[in-house]
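Undergrad: Input: one structure, supplied below.
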Amino acid sequence: MPYCGYEDGDRTLGQIVEVEAVHGNQITLNLPLHWTYDTDLDPWAYQVDAYAMIRNAGLENLTLTRMTRMLSS
C-alpha cells in the first residue's frame, strides 16, 4: 500500500516553484530545483491553482511559551 504521492505512490518527490518565463519548451523558475530529476523516470510538471497559494504572508511579534506541569510521584 503506498503511503503518499500521485499515481499509487510512484511519484512521491516534488517541489513547488513559480514559473517566471516560458520560451518555447524552456521554462525559467523562481527557485532552483532541489533535486536532479532522472529523465528515465519521466518527470512531469503539474500546475497548481495560483489562487489557492498564499503569498507575502507572515507573523510578527509572536511569542511561544512552553507550559510545563509538575507531575506528582
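We name chains A, B, ... following the order of the C-alpha cells; residues begin at 1 in each chain, and ligands are numbered from 1 as shown.
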Based on DSSP run over this structure's backbone, return all residues of chain A in strand (DSSP E), as a compact mmCIF listing (two decimals) with all heavy atoms, in the first residue's frame.
TA:
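Everything below was put into result.txt:
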```
# COMPACT_ATOMS: atom_id res chain seq x y z
N VAL A 19 6.74 29.58 -12.04
CA VAL A 19 7.27 29.76 -13.39
C VAL A 19 7.36 31.26 -13.64
O VAL A 19 6.36 31.97 -13.56
CB VAL A 19 6.39 29.07 -14.45
CG1 VAL A 19 6.88 29.39 -15.85
CG2 VAL A 19 6.37 27.57 -14.21
N GLU A 20 8.57 31.73 -13.94
CA GLU A 20 8.76 33.16 -14.21
C GLU A 20 8.67 33.49 -15.69
O GLU A 20 8.26 34.58 -16.06
CB GLU A 20 10.10 33.62 -13.66
CG GLU A 20 10.14 33.65 -12.15
CD GLU A 20 11.39 34.30 -11.61
OE1 GLU A 20 12.41 34.34 -12.33
OE2 GLU A 20 11.35 34.77 -10.47
N ALA A 21 9.08 32.54 -16.57
CA ALA A 21 9.04 32.80 -18.00
C ALA A 21 8.97 31.50 -18.77
O ALA A 21 9.42 30.46 -18.28
CB ALA A 21 10.29 33.58 -18.44
N VAL A 22 8.38 31.56 -19.95
CA VAL A 22 8.31 30.42 -20.85
C VAL A 22 8.82 30.86 -22.21
O VAL A 22 8.36 31.86 -22.76
CB VAL A 22 6.86 29.88 -20.98
CG1 VAL A 22 6.79 28.73 -21.96
CG2 VAL A 22 6.32 29.48 -19.62
N HIS A 23 9.79 30.14 -22.76
CA HIS A 23 10.34 30.41 -24.09
C HIS A 23 10.38 29.08 -24.84
O HIS A 23 11.28 28.27 -24.63
CB HIS A 23 11.75 31.00 -24.00
CG HIS A 23 11.81 32.30 -23.25
ND1 HIS A 23 11.38 33.49 -23.78
CD2 HIS A 23 12.23 32.57 -21.99
CE1 HIS A 23 11.53 34.45 -22.88
NE2 HIS A 23 12.05 33.91 -21.79
N GLN A 26 11.28 25.72 -23.02
CA GLN A 26 12.15 26.04 -21.88
C GLN A 26 11.38 26.92 -20.89
O GLN A 26 10.69 27.86 -21.29
CB GLN A 26 13.39 26.79 -22.35
CG GLN A 26 14.27 26.02 -23.30
CD GLN A 26 15.04 24.92 -22.58
OE1 GLN A 26 15.54 25.11 -21.48
NE2 GLN A 26 15.14 23.77 -23.22
N ILE A 27 11.51 26.60 -19.61
CA ILE A 27 10.88 27.43 -18.59
C ILE A 27 11.94 27.96 -17.63
O ILE A 27 12.97 27.32 -17.42
CB ILE A 27 9.79 26.67 -17.80
CG1 ILE A 27 10.36 25.45 -17.09
CG2 ILE A 27 8.65 26.28 -18.71
CD1 ILE A 27 9.38 24.78 -16.17
N THR A 28 11.68 29.13 -17.08
CA THR A 28 12.53 29.71 -16.05
C THR A 28 11.75 29.70 -14.75
O THR A 28 10.61 30.16 -14.70
CB THR A 28 12.92 31.15 -16.42
OG1 THR A 28 13.58 31.15 -17.68
CG2 THR A 28 13.84 31.76 -15.36
N LEU A 29 12.37 29.17 -13.69
CA LEU A 29 11.71 29.05 -12.39
C LEU A 29 12.24 30.11 -11.43
O LEU A 29 13.36 30.59 -11.57
CB LEU A 29 11.95 27.66 -11.80
CG LEU A 29 11.56 26.48 -12.69
CD1 LEU A 29 11.95 25.17 -12.03
CD2 LEU A 29 10.08 26.52 -13.00
```
Undergrad: For Gly14 (chain A), please output as a VMD selection string all residues within 10 Å (counting only C-alpha atoms; exclusion window: fewer than 3 positions along the same chain).
TA: chain A and resid 5 11 17 33 to 35 37 43 to 46
Undergrad: Output all heavy atoms for every residue in that selection, as an mmCIF file, in the first residue's frame.
TA:
```cif
data_model
loop_
_atom_site.group_PDB
_atom_site.id
_atom_site.type_symbol
_atom_site.label_atom_id
_atom_site.label_comp_id
_atom_site.auth_asym_id
_atom_site.auth_seq_id
_atom_site.Cartn_x
_atom_site.Cartn_y
_atom_site.Cartn_z
ATOM 1 N N GLY A 5 1.693 10.440 -2.322
ATOM 2 C CA GLY A 5 2.073 10.761 -3.685
ATOM 3 C C GLY A 5 0.977 10.515 -4.701
ATOM 4 O O GLY A 5 -0.123 10.083 -4.390
ATOM 5 N N ARG A 11 5.001 8.622 -7.479
ATOM 6 C CA ARG A 11 5.518 9.989 -7.623
ATOM 7 C C ARG A 11 5.409 10.688 -6.267
ATOM 8 O O ARG A 11 4.483 11.436 -6.005
ATOM 9 C CB ARG A 11 4.736 10.745 -8.683
ATOM 10 C CG ARG A 11 4.900 10.169 -10.069
ATOM 11 C CD ARG A 11 4.308 11.062 -11.125
ATOM 12 N NE ARG A 11 4.502 10.521 -12.441
ATOM 13 C CZ ARG A 11 5.581 10.737 -13.197
ATOM 14 N NH1 ARG A 11 6.548 11.496 -12.752
ATOM 15 N NH2 ARG A 11 5.680 10.214 -14.389
ATOM 16 N N VAL A 17 7.382 25.436 -7.189
ATOM 17 C CA VAL A 17 8.116 26.614 -7.641
ATOM 18 C C VAL A 17 7.191 27.433 -8.528
ATOM 19 O O VAL A 17 6.163 26.951 -8.991
ATOM 20 C CB VAL A 17 9.405 26.253 -8.416
ATOM 21 C CG1 VAL A 17 10.411 25.571 -7.524
ATOM 22 C CG2 VAL A 17 9.093 25.390 -9.614
ATOM 23 N N LEU A 33 15.750 23.948 -8.701
ATOM 24 C CA LEU A 33 15.211 22.676 -8.232
ATOM 25 C C LEU A 33 16.172 22.077 -7.211
ATOM 26 O O LEU A 33 17.382 22.139 -7.363
ATOM 27 C CB LEU A 33 15.007 21.720 -9.403
ATOM 28 C CG LEU A 33 13.922 22.140 -10.399
ATOM 29 C CD1 LEU A 33 13.887 21.163 -11.569
ATOM 30 C CD2 LEU A 33 12.572 22.209 -9.725
ATOM 31 N N HIS A 34 15.628 21.488 -6.158
ATOM 32 C CA HIS A 34 16.450 20.894 -5.100
ATOM 33 C C HIS A 34 16.944 19.499 -5.464
ATOM 34 O O HIS A 34 17.735 18.919 -4.747
ATOM 35 C CB HIS A 34 15.652 20.799 -3.805
ATOM 36 C CG HIS A 34 15.217 22.131 -3.278
ATOM 37 N ND1 HIS A 34 16.079 23.177 -3.068
ATOM 38 C CD2 HIS A 34 13.993 22.588 -2.932
ATOM 39 C CE1 HIS A 34 15.403 24.212 -2.603
ATOM 40 N NE2 HIS A 34 14.151 23.890 -2.520
ATOM 41 N N TRP A 35 16.458 18.950 -6.562
ATOM 42 C CA TRP A 35 16.761 17.583 -6.927
ATOM 43 C C TRP A 35 16.987 17.518 -8.426
ATOM 44 O O TRP A 35 16.314 18.188 -9.187
ATOM 45 C CB TRP A 35 15.573 16.696 -6.546
ATOM 46 C CG TRP A 35 15.811 15.236 -6.690
ATOM 47 C CD1 TRP A 35 15.474 14.470 -7.771
ATOM 48 C CD2 TRP A 35 16.416 14.355 -5.758
ATOM 49 N NE1 TRP A 35 15.832 13.165 -7.555
ATOM 50 C CE2 TRP A 35 16.415 13.069 -6.316
ATOM 51 C CE3 TRP A 35 16.959 14.529 -4.493
ATOM 52 C CZ2 TRP A 35 16.938 11.965 -5.655
ATOM 53 C CZ3 TRP A 35 17.468 13.423 -3.852
ATOM 54 C CH2 TRP A 35 17.457 12.171 -4.422
ATOM 55 N N TYR A 37 16.129 15.543 -11.375
ATOM 56 C CA TYR A 37 15.144 14.521 -11.705
ATOM 57 C C TYR A 37 15.659 13.643 -12.847
ATOM 58 O O TYR A 37 16.095 14.136 -13.873
ATOM 59 C CB TYR A 37 13.805 15.161 -12.074
ATOM 60 C CG TYR A 37 13.174 15.851 -10.889
ATOM 61 C CD1 TYR A 37 13.428 17.194 -10.621
ATOM 62 C CD2 TYR A 37 12.346 15.159 -10.029
ATOM 63 C CE1 TYR A 37 12.865 17.827 -9.524
ATOM 64 C CE2 TYR A 37 11.772 15.782 -8.929
ATOM 65 C CZ TYR A 37 12.032 17.113 -8.692
ATOM 66 O OH TYR A 37 11.476 17.730 -7.610
ATOM 67 N N PRO A 43 9.813 12.501 -15.403
ATOM 68 C CA PRO A 43 9.290 13.546 -14.509
ATOM 69 C C PRO A 43 8.319 14.455 -15.244
ATOM 70 O O PRO A 43 8.395 14.623 -16.467
ATOM 71 C CB PRO A 43 10.545 14.301 -14.088
ATOM 72 C CG PRO A 43 11.520 14.058 -15.174
ATOM 73 C CD PRO A 43 11.220 12.701 -15.722
ATOM 74 N N TRP A 44 7.380 15.041 -14.513
ATOM 75 C CA TRP A 44 6.419 15.939 -15.132
ATOM 76 C C TRP A 44 6.117 17.111 -14.212
ATOM 77 O O TRP A 44 6.383 17.070 -13.020
ATOM 78 C CB TRP A 44 5.133 15.227 -15.525
ATOM 79 C CG TRP A 44 4.497 14.349 -14.489
ATOM 80 C CD1 TRP A 44 4.746 13.031 -14.262
ATOM 81 C CD2 TRP A 44 3.485 14.708 -13.541
ATOM 82 N NE1 TRP A 44 3.961 12.554 -13.250
ATOM 83 C CE2 TRP A 44 3.173 13.562 -12.795
ATOM 84 C CE3 TRP A 44 2.798 15.887 -13.255
ATOM 85 C CZ2 TRP A 44 2.218 13.561 -11.784
ATOM 86 C CZ3 TRP A 44 1.849 15.879 -12.253
ATOM 87 C CH2 TRP A 44 1.561 14.730 -11.534
ATOM 88 N N ALA A 45 5.574 18.147 -14.815
ATOM 89 C CA ALA A 45 5.182 19.351 -14.073
ATOM 90 C C ALA A 45 3.675 19.359 -13.929
ATOM 91 O O ALA A 45 2.943 18.925 -14.818
ATOM 92 C CB ALA A 45 5.652 20.600 -14.812
ATOM 93 N N TYR A 46 3.222 19.860 -12.805
ATOM 94 C CA TYR A 46 1.800 19.911 -12.506
ATOM 95 C C TYR A 46 1.445 21.345 -12.148
ATOM 96 O O TYR A 46 2.113 21.964 -11.326
ATOM 97 C CB TYR A 46 1.491 18.978 -11.333
ATOM 98 C CG TYR A 46 0.052 18.930 -10.935
ATOM 99 C CD1 TYR A 46 -0.864 18.165 -11.631
ATOM 100 C CD2 TYR A 46 -0.397 19.665 -9.843
ATOM 101 C CE1 TYR A 46 -2.185 18.117 -11.260
ATOM 102 C CE2 TYR A 46 -1.724 19.629 -9.465
ATOM 103 C CZ TYR A 46 -2.616 18.853 -10.178
ATOM 104 O OH TYR A 46 -3.932 18.825 -9.802
#
```
Undergrad: In Å, how far is it from CA of Ile16 (chain A) to CA of Thr63 (chain A)?
TA: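 A separation of 29.1 Å between them.
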Undergrad: Going by DSSP on the backbone, which bits of chain A are helix (DSSP H, G or I)? Write them as a PyMOL selection string, please.
TA: chain A and resi 7-9+39-41+50-52
